[in-house]
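One structure is given here, and the rest of the page talks about it.
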Amino acid sequence: MRGNSVLNILRLACLALAAAFAAPALAQQQVVIVTSFPKELTEAYKKAFEVRTPAIRVEILNKPTPAGVSYIREAPATNKPDVFWVSAPDAFEVLAKDGLLVKYDPGIKGIPNKIGNYPINDPQGFYLGQALAGYGIMWNTRYLRANKLPEPREWADLAKPVYFSHVATSSPSRSGTTHLTMETILQGEGWAKGWEQILRIGGNAAAITERSFGVPDGVSNGQYGIGLVIDFLGLAPKNSGFPVEFVYPSVTAIVPANIALIKHNAEVGARLALALAQVRRGTST
C-alpha cells in the first residue's frame, strides 16, 4: 500500500470531520474535545480549526485514554464533551456499546475500507479513522553510544539483560497505545512467549510512565535510552532534530487513530442532527 496516498486520503477525512466538530458548536459556540494526544499535536489542530471557524472556540481536555472513557461515561447528559479523539480503537468500542457515540458519515469517497484485514472506519459508523499509526521502538543514539549498547530491532531485544535499567514504557492500564503494544506482542508471539517477553521487558524498565508521551520525551532528552512508543511520538522528535531513531519490529500492528462525536441528551441531539444537516448543505455548495 502506498502510505502517502492513504495518509493524504485520510487528511481529507479530517477536513470532513472538522465540519462535524462545528455541528454541535453551532448551538453553543464551543467544541469540547477529549483526547489523549499531547498538546504539541492538538494545539496545531486547534489553531487551524479556529482560523477556519473563528466564531467557535475549541477546548481541549487532555486525559489518558481510560480516564477519557470514564469521563465521558460519568459526565451528565446535559454536559458531555463533543468529540473523542484517541488512538486506541477498543476505547471507542466501549463507548459505542454504551450508546455514547453518534453515527456520522462524512461523505468522503476514495478511502480504502481496510488496511490489511483491519477496517479503517468503524463498519457501524460510530467512529472514523483519522490517521494510520504503528507501534515500535525508539532510542537515543547518544545514550546508546555512551553506554555501549546495541541498537534494538525487535521486541525480544528489549528483554535481553544488556538493556537492564535502560528501557522506558508507559503503563498499559493508563495508556491505550501501550495496551495495544502489549496486545501486539501477545498476538504476534503467542500467549506464553509473549507474556515472558513482556515481563522481561518490564524487568528491564528504568521507568513506567503515567502517560504515553512521557516515554518519547524521556528518550529525547536522554533520561532513558530506549522506549516503546507509537510511531508519530517516536518520529516527531527525530524530525525535530533530536538524536533519536525509531524502528518497527517485524511483529507489529498498523491501526487507525480514531475520532468520534459524543452523544448528548435528546434536546442537544436534535440540535446536533439539524446542525449536521446544515453543515452538509453548506459543504456541498
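Starting from 1 in every chain, residues are counted up; chains themselves are A, B, ... following the order of the C-alpha cells, and ligands are numbered from 1 as listed.
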
Requested in this report: Name the residues of stretch 14-230 of chain A that fall into alpha helix (DSSP H) according to DSSP on the backbone, using the chain letters and numbers of this document, as a ChimeraX atom specification.
Outcome: /A:14-28,39-52,65-74,89-97,141-146,176-189,191-203,214-220

Requested in this report: Taking the chain letters and numbering used in this document, name the residues of stretch 24-78 of chain A that DSSP puts in strand (DSSP E), as number ranges by chain.
Outcome: A: 30-35, 57-62

Output of the above residues as an mmCIF file, in the first residue's frame, restricted to all heavy atoms:
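The resulting file, part_19.cif, is reproduced below:
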data_model
loop_
_atom_site.group_PDB
_atom_site.id
_atom_site.type_symbol
_atom_site.label_atom_id
_atom_site.label_comp_id
_atom_site.auth_asym_id
_atom_site.auth_seq_id
_atom_site.Cartn_x
_atom_site.Cartn_y
_atom_site.Cartn_z
ATOM 1 N N GLN A 30 -18.899 26.456 21.025
ATOM 2 C CA GLN A 30 -17.724 25.855 21.642
ATOM 3 C C GLN A 30 -17.705 24.373 21.333
ATOM 4 O O GLN A 30 -18.741 23.716 21.330
ATOM 5 C CB GLN A 30 -17.745 26.065 23.153
ATOM 6 C CG GLN A 30 -16.589 25.386 23.877
ATOM 7 C CD GLN A 30 -16.591 25.683 25.348
ATOM 8 O OE1 GLN A 30 -16.119 26.741 25.768
ATOM 9 N NE2 GLN A 30 -17.103 24.769 26.154
ATOM 10 N N VAL A 31 -16.522 23.855 21.055
ATOM 11 C CA VAL A 31 -16.334 22.422 20.873
ATOM 12 C C VAL A 31 -15.395 21.937 21.974
ATOM 13 O O VAL A 31 -14.318 22.487 22.161
ATOM 14 C CB VAL A 31 -15.715 22.110 19.490
ATOM 15 C CG1 VAL A 31 -15.358 20.639 19.387
ATOM 16 C CG2 VAL A 31 -16.677 22.493 18.386
ATOM 17 N N VAL A 32 -15.816 20.929 22.700
ATOM 18 C CA VAL A 32 -15.008 20.349 23.767
ATOM 19 C C VAL A 32 -14.498 18.988 23.291
ATOM 20 O O VAL A 32 -15.297 18.103 22.971
ATOM 21 C CB VAL A 32 -15.801 20.199 25.076
ATOM 22 C CG1 VAL A 32 -14.914 19.577 26.159
ATOM 23 C CG2 VAL A 32 -16.324 21.550 25.530
ATOM 24 N N ILE A 33 -13.188 18.836 23.218
ATOM 25 C CA ILE A 33 -12.560 17.623 22.701
ATOM 26 C C ILE A 33 -11.814 16.917 23.826
ATOM 27 O O ILE A 33 -10.963 17.519 24.487
ATOM 28 C CB ILE A 33 -11.583 17.954 21.560
ATOM 29 C CG1 ILE A 33 -12.316 18.671 20.416
ATOM 30 C CG2 ILE A 33 -10.902 16.687 21.052
ATOM 31 C CD1 ILE A 33 -11.386 19.164 19.313
ATOM 32 N N VAL A 34 -12.130 15.655 24.038
ATOM 33 C CA VAL A 34 -11.389 14.809 24.977
ATOM 34 C C VAL A 34 -10.385 14.003 24.165
ATOM 35 O O VAL A 34 -10.767 13.294 23.219
ATOM 36 C CB VAL A 34 -12.323 13.866 25.750
ATOM 37 C CG1 VAL A 34 -11.518 12.907 26.631
ATOM 38 C CG2 VAL A 34 -13.299 14.668 26.602
ATOM 39 N N THR A 35 -9.106 14.113 24.501
ATOM 40 C CA THR A 35 -8.073 13.442 23.717
ATOM 41 C C THR A 35 -6.910 13.034 24.602
ATOM 42 O O THR A 35 -6.644 13.662 25.631
ATOM 43 C CB THR A 35 -7.564 14.355 22.584
ATOM 44 O OG1 THR A 35 -6.558 13.669 21.830
ATOM 45 C CG2 THR A 35 -6.973 15.642 23.125
ATOM 46 N N ARG A 57 -15.025 28.425 19.595
ATOM 47 C CA ARG A 57 -13.856 28.200 20.437
ATOM 48 C C ARG A 57 -13.681 26.704 20.679
ATOM 49 O O ARG A 57 -14.655 25.971 20.851
ATOM 50 C CB ARG A 57 -14.021 28.921 21.776
ATOM 51 C CG ARG A 57 -12.786 28.864 22.670
ATOM 52 C CD ARG A 57 -12.953 29.774 23.879
ATOM 53 N NE ARG A 57 -14.015 29.306 24.747
ATOM 54 C CZ ARG A 57 -13.841 28.417 25.727
ATOM 55 N NH1 ARG A 57 -12.636 27.883 25.923
ATOM 56 N NH2 ARG A 57 -14.844 28.054 26.492
ATOM 57 N N VAL A 58 -12.429 26.243 20.685
ATOM 58 C CA VAL A 58 -12.121 24.837 20.934
ATOM 59 C C VAL A 58 -11.496 24.696 22.317
ATOM 60 O O VAL A 58 -10.539 25.398 22.643
ATOM 61 C CB VAL A 58 -11.167 24.275 19.866
ATOM 62 C CG1 VAL A 58 -10.775 22.834 20.205
ATOM 63 C CG2 VAL A 58 -11.809 24.334 18.490
ATOM 64 N N GLU A 59 -12.049 23.800 23.108
ATOM 65 C CA GLU A 59 -11.470 23.486 24.418
ATOM 66 C C GLU A 59 -10.955 22.048 24.381
ATOM 67 O O GLU A 59 -11.694 21.131 24.026
ATOM 68 C CB GLU A 59 -12.502 23.633 25.534
ATOM 69 C CG GLU A 59 -11.932 23.314 26.908
ATOM 70 C CD GLU A 59 -12.944 23.429 28.025
ATOM 71 O OE1 GLU A 59 -14.091 23.844 27.741
ATOM 72 O OE2 GLU A 59 -12.612 23.090 29.169
ATOM 73 N N ILE A 60 -9.689 21.862 24.730
ATOM 74 C CA ILE A 60 -9.064 20.540 24.731
ATOM 75 C C ILE A 60 -8.965 20.032 26.167
ATOM 76 O O ILE A 60 -8.387 20.695 27.031
ATOM 77 C CB ILE A 60 -7.651 20.588 24.120
ATOM 78 C CG1 ILE A 60 -7.690 21.155 22.694
ATOM 79 C CG2 ILE A 60 -7.006 19.206 24.153
ATOM 80 C CD1 ILE A 60 -8.334 20.250 21.679
ATOM 81 N N LEU A 61 -9.530 18.853 26.422
ATOM 82 C CA LEU A 61 -9.391 18.178 27.709
ATOM 83 C C LEU A 61 -8.442 17.000 27.503
ATOM 84 O O LEU A 61 -8.819 16.008 26.886
ATOM 85 C CB LEU A 61 -10.748 17.688 28.227
ATOM 86 C CG LEU A 61 -11.823 18.753 28.432
ATOM 87 C CD1 LEU A 61 -13.103 18.111 28.961
ATOM 88 C CD2 LEU A 61 -11.343 19.846 29.388
ATOM 89 N N ASN A 62 -7.223 17.129 27.983
ATOM 90 C CA ASN A 62 -6.218 16.093 27.762
ATOM 91 C C ASN A 62 -6.267 15.070 28.886
ATOM 92 O O ASN A 62 -6.030 15.403 30.047
ATOM 93 C CB ASN A 62 -4.826 16.716 27.663
ATOM 94 C CG ASN A 62 -3.790 15.719 27.206
ATOM 95 O OD1 ASN A 62 -3.309 14.928 27.991
ATOM 96 N ND2 ASN A 62 -3.480 15.747 25.918
#

Report task. Compile the contact shell of A:Ala48 as a PyMOL selection string: residues with an atom at most 12 Å away, counting only C-alpha atoms, same-chain residues fewer than 3 positions apart removed. Result -> chain A and resi 14-15+18+41-45+51-54+56-58

Take the residues from that selection and put them in a file with N, CA and C atoms, as a PDB file, in the first residue's frame.
ATOM      1  N   CYS A  14     -10.198  14.142   7.639  1.00  0.00           N
ATOM      2  CA  CYS A  14     -10.070  15.080   8.753  1.00  0.00           C
ATOM      3  C   CYS A  14     -10.807  16.386   8.460  1.00  0.00           C
ATOM      4  N   LEU A  15     -10.737  16.841   7.199  1.00  0.00           N
ATOM      5  CA  LEU A  15     -11.450  18.074   6.844  1.00  0.00           C
ATOM      6  C   LEU A  15     -12.950  17.897   7.000  1.00  0.00           C
ATOM      7  N   ALA A  18     -13.807  18.035  10.580  1.00  0.00           N
ATOM      8  CA  ALA A  18     -13.822  19.394  11.109  1.00  0.00           C
ATOM      9  C   ALA A  18     -15.214  19.991  11.005  1.00  0.00           C
ATOM     10  N   LEU A  41       0.627  18.324  19.522  1.00  0.00           N
ATOM     11  CA  LEU A  41      -0.154  17.881  18.370  1.00  0.00           C
ATOM     12  C   LEU A  41      -1.520  18.558  18.328  1.00  0.00           C
ATOM     13  N   THR A  42      -2.237  18.539  19.454  1.00  0.00           N
ATOM     14  CA  THR A  42      -3.607  19.051  19.449  1.00  0.00           C
ATOM     15  C   THR A  42      -3.661  20.562  19.233  1.00  0.00           C
ATOM     16  N   GLU A  43      -2.622  21.265  19.677  1.00  0.00           N
ATOM     17  CA  GLU A  43      -2.642  22.716  19.524  1.00  0.00           C
ATOM     18  C   GLU A  43      -2.636  23.117  18.052  1.00  0.00           C
ATOM     19  N   ALA A  44      -1.946  22.341  17.216  1.00  0.00           N
ATOM     20  CA  ALA A  44      -1.920  22.654  15.783  1.00  0.00           C
ATOM     21  C   ALA A  44      -3.309  22.510  15.176  1.00  0.00           C
ATOM     22  N   TYR A  45      -4.029  21.445  15.553  1.00  0.00           N
ATOM     23  CA  TYR A  45      -5.395  21.257  15.067  1.00  0.00           C
ATOM     24  C   TYR A  45      -6.308  22.357  15.597  1.00  0.00           C
ATOM     25  N   VAL A  51      -8.940  29.171  13.105  1.00  0.00           N
ATOM     26  CA  VAL A  51      -8.734  30.085  11.983  1.00  0.00           C
ATOM     27  C   VAL A  51      -9.810  29.878  10.937  1.00  0.00           C
ATOM     28  N   ARG A  52     -10.154  28.606  10.679  1.00  0.00           N
ATOM     29  CA  ARG A  52     -11.176  28.302   9.685  1.00  0.00           C
ATOM     30  C   ARG A  52     -12.564  28.685  10.172  1.00  0.00           C
ATOM     31  N   THR A  53     -12.813  28.540  11.480  1.00  0.00           N
ATOM     32  CA  THR A  53     -14.139  28.804  12.051  1.00  0.00           C
ATOM     33  C   THR A  53     -13.973  29.720  13.257  1.00  0.00           C
ATOM     34  N   PRO A  54     -13.718  31.022  13.058  1.00  0.00           N
ATOM     35  CA  PRO A  54     -13.362  31.916  14.159  1.00  0.00           C
ATOM     36  C   PRO A  54     -14.465  32.124  15.187  1.00  0.00           C
ATOM     37  N   ILE A  56     -16.124  29.887  16.646  1.00  0.00           N
ATOM     38  CA  ILE A  56     -16.224  28.723  17.529  1.00  0.00           C
ATOM     39  C   ILE A  56     -14.915  28.549  18.290  1.00  0.00           C
ATOM     40  N   ARG A  57     -15.025  28.425  19.595  1.00  0.00           N
ATOM     41  CA  ARG A  57     -13.856  28.200  20.437  1.00  0.00           C
ATOM     42  C   ARG A  57     -13.681  26.704  20.679  1.00  0.00           C
ATOM     43  N   VAL A  58     -12.429  26.243  20.685  1.00  0.00           N
ATOM     44  CA  VAL A  58     -12.121  24.837  20.934  1.00  0.00           C
ATOM     45  C   VAL A  58     -11.496  24.696  22.317  1.00  0.00           C
TER      46      VAL A  58
END

Report task. Excluding stretch 76-93 of chain A and residues on its chain fewer than 5 positions from it, collect all residues at most 8 Å away from it, counting only C-alpha atoms, and give them as a VMD selection string. Result -> chain A and resid 21 24 31 to 37 65 to 66 69 127 133 176 to 177 180 256 to 265 268

Would you mind exporting N, CA and C atoms of the selected residues as a PDB file, in the first residue's frame?
ATOM      1  N   PHE A  21     -17.128  18.666  13.836  1.00  0.00           N
ATOM      2  CA  PHE A  21     -16.835  19.380  15.076  1.00  0.00           C
ATOM      3  C   PHE A  21     -17.747  20.599  15.197  1.00  0.00           C
ATOM      4  N   PRO A  24     -22.230  20.521  16.690  1.00  0.00           N
ATOM      5  CA  PRO A  24     -22.788  20.876  17.978  1.00  0.00           C
ATOM      6  C   PRO A  24     -22.440  22.289  18.383  1.00  0.00           C
ATOM      7  N   VAL A  31     -16.522  23.855  21.055  1.00  0.00           N
ATOM      8  CA  VAL A  31     -16.334  22.422  20.873  1.00  0.00           C
ATOM      9  C   VAL A  31     -15.395  21.937  21.974  1.00  0.00           C
ATOM     10  N   VAL A  32     -15.816  20.929  22.700  1.00  0.00           N
ATOM     11  CA  VAL A  32     -15.008  20.349  23.767  1.00  0.00           C
ATOM     12  C   VAL A  32     -14.498  18.988  23.291  1.00  0.00           C
ATOM     13  N   ILE A  33     -13.188  18.836  23.218  1.00  0.00           N
ATOM     14  CA  ILE A  33     -12.560  17.623  22.701  1.00  0.00           C
ATOM     15  C   ILE A  33     -11.814  16.917  23.826  1.00  0.00           C
ATOM     16  N   VAL A  34     -12.130  15.655  24.038  1.00  0.00           N
ATOM     17  CA  VAL A  34     -11.389  14.809  24.977  1.00  0.00           C
ATOM     18  C   VAL A  34     -10.385  14.003  24.165  1.00  0.00           C
ATOM     19  N   THR A  35      -9.106  14.113  24.501  1.00  0.00           N
ATOM     20  CA  THR A  35      -8.073  13.442  23.717  1.00  0.00           C
ATOM     21  C   THR A  35      -6.910  13.034  24.602  1.00  0.00           C
ATOM     22  N   SER A  36      -6.221  11.983  24.180  1.00  0.00           N
ATOM     23  CA  SER A  36      -5.010  11.547  24.878  1.00  0.00           C
ATOM     24  C   SER A  36      -3.755  12.086  24.214  1.00  0.00           C
ATOM     25  N   PHE A  37      -3.906  12.770  23.079  1.00  0.00           N
ATOM     26  CA  PHE A  37      -2.733  13.239  22.344  1.00  0.00           C
ATOM     27  C   PHE A  37      -2.102  14.455  23.031  1.00  0.00           C
ATOM     28  N   THR A  65      -6.321   7.647  27.864  1.00  0.00           N
ATOM     29  CA  THR A  65      -7.477   7.013  27.223  1.00  0.00           C
ATOM     30  C   THR A  65      -8.472   6.417  28.221  1.00  0.00           C
ATOM     31  N   PRO A  66      -8.043   5.582  29.191  1.00  0.00           N
ATOM     32  CA  PRO A  66      -9.030   5.031  30.136  1.00  0.00           C
ATOM     33  C   PRO A  66      -9.743   6.118  30.940  1.00  0.00           C
ATOM     34  N   VAL A  69     -12.399   7.740  28.721  1.00  0.00           N
ATOM     35  CA  VAL A  69     -13.608   6.914  28.634  1.00  0.00           C
ATOM     36  C   VAL A  69     -14.455   7.094  29.885  1.00  0.00           C
ATOM     37  N   TYR A 127     -17.306   5.611  14.681  1.00  0.00           N
ATOM     38  CA  TYR A 127     -16.035   6.326  14.756  1.00  0.00           C
ATOM     39  C   TYR A 127     -15.279   6.146  13.449  1.00  0.00           C
ATOM     40  N   ALA A 133      -1.425   4.657  12.379  1.00  0.00           N
ATOM     41  CA  ALA A 133      -0.350   4.664  13.365  1.00  0.00           C
ATOM     42  C   ALA A 133       0.140   3.241  13.610  1.00  0.00           C
ATOM     43  N   GLY A 176      -3.752   3.768  26.196  1.00  0.00           N
ATOM     44  CA  GLY A 176      -4.343   2.915  25.172  1.00  0.00           C
ATOM     45  C   GLY A 176      -3.311   2.416  24.171  1.00  0.00           C
ATOM     46  N   THR A 177      -2.333   3.270  23.815  1.00  0.00           N
ATOM     47  CA  THR A 177      -1.326   2.848  22.844  1.00  0.00           C
ATOM     48  C   THR A 177      -0.419   1.760  23.417  1.00  0.00           C
ATOM     49  N   LEU A 180      -2.248  -1.513  23.375  1.00  0.00           N
ATOM     50  CA  LEU A 180      -2.228  -2.147  22.062  1.00  0.00           C
ATOM     51  C   LEU A 180      -0.842  -2.695  21.718  1.00  0.00           C
ATOM     52  N   PRO A 256      -5.730   2.488  12.751  1.00  0.00           N
ATOM     53  CA  PRO A 256      -6.084   3.903  12.683  1.00  0.00           C
ATOM     54  C   PRO A 256      -6.198   4.528  14.067  1.00  0.00           C
ATOM     55  N   ALA A 257      -5.704   5.749  14.192  1.00  0.00           N
ATOM     56  CA  ALA A 257      -6.129   6.598  15.306  1.00  0.00           C
ATOM     57  C   ALA A 257      -7.533   7.064  14.952  1.00  0.00           C
ATOM     58  N   ASN A 258      -8.409   7.146  15.942  1.00  0.00           N
ATOM     59  CA  ASN A 258      -9.829   7.353  15.646  1.00  0.00           C
ATOM     60  C   ASN A 258     -10.387   8.619  16.276  1.00  0.00           C
ATOM     61  N   ILE A 259     -11.559   8.990  15.771  1.00  0.00           N
ATOM     62  CA  ILE A 259     -12.244  10.193  16.252  1.00  0.00           C
ATOM     63  C   ILE A 259     -13.747   9.948  16.158  1.00  0.00           C
ATOM     64  N   ALA A 260     -14.508  10.510  17.119  1.00  0.00           N
ATOM     65  CA  ALA A 260     -15.951  10.258  17.143  1.00  0.00           C
ATOM     66  C   ALA A 260     -16.685  11.428  17.772  1.00  0.00           C
ATOM     67  N   LEU A 261     -17.968  11.550  17.420  1.00  0.00           N
ATOM     68  CA  LEU A 261     -18.867  12.506  18.051  1.00  0.00           C
ATOM     69  C   LEU A 261     -19.540  11.840  19.250  1.00  0.00           C
ATOM     70  N   ILE A 262     -19.615  12.550  20.348  1.00  0.00           N
ATOM     71  CA  ILE A 262     -20.210  12.020  21.573  1.00  0.00           C
ATOM     72  C   ILE A 262     -21.691  12.385  21.626  1.00  0.00           C
ATOM     73  N   LYS A 263     -22.489  11.424  22.056  1.00  0.00           N
ATOM     74  CA  LYS A 263     -23.932  11.605  22.114  1.00  0.00           C
ATOM     75  C   LYS A 263     -24.327  12.461  23.306  1.00  0.00           C
ATOM     76  N   HIS A 264     -25.191  13.459  23.072  1.00  0.00           N
ATOM     77  CA  HIS A 264     -25.695  14.316  24.128  1.00  0.00           C
ATOM     78  C   HIS A 264     -27.112  13.868  24.512  1.00  0.00           C
ATOM     79  N   ASN A 265     -27.785  14.693  25.286  1.00  0.00           N
ATOM     80  CA  ASN A 265     -29.173  14.359  25.612  1.00  0.00           C
ATOM     81  C   ASN A 265     -30.075  14.577  24.401  1.00  0.00           C
ATOM     82  N   VAL A 268     -30.108  18.221  22.892  1.00  0.00           N
ATOM     83  CA  VAL A 268     -28.857  18.543  22.206  1.00  0.00           C
ATOM     84  C   VAL A 268     -28.704  17.674  20.966  1.00  0.00           C
TER      85      VAL A 268
END

Report task. Determine the nearest neighbour of A:Met182 from the options A:Val167, A:Val247, A:Ala253, A:Ala146, counting only C-alpha atoms. Result -> A:Ala253

Query raised in the report: Quick one, how far is atom CA of A:Glu154 from atom CA of A:Ser212?
Result: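 We find that atom CA of A:Glu154 and atom CA of A:Ser212 lie 19.5 Å from each other.
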
Report summary line: Computed gap from atom CA of A:Val162 to atom CA of A:Leu149 is 7.3 Å

Query raised in the report: For the atom pair atom CA of A:Gly214 and atom CA of A:Ser240, what is the interatomic distance in Å to one decimal place?
Result: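 Separation between atom CA of A:Gly214 and atom CA of A:Ser240: 16.9 Å.
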
Query - Counting only C-alpha atoms, the option among A:Leu158, A:Arg142, A:Ile111, A:Asp105 closest to A:Gly125 - result: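 Closest candidate: A:Asp105.
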
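In terms of minimum interatomic distance to A:Asp217, A:Asn140 ranks closest within A:Ser175, A:Asn140, A:Thr184, A:Asn239, counting only C-alpha atoms.
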
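Among the candidate residues A:Glu74, A:Trp195, A:His166, A:Lys47, the one lying nearest to A:Glu151 is A:His166, with distances computed using only C-alpha atoms.
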
Report task. For A:Ile201, list every protein, DNA or RNA residue within 10 Å, evaluated using only C-alpha atoms, and leave out those in the same chain fewer than 4 positions away; present the list as a list of chain:residue names. Result ->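 Answer for this query is A:Trp155, A:Ala156, A:Asp157, A:Leu158, A:Ala159, A:Lys160, A:Pro161, A:Tyr163, A:Phe164, A:Ser165, A:Val167, A:Ala168, A:Thr169, A:Trp195, A:Glu196, A:Gln197, A:Ala205, A:Leu228.
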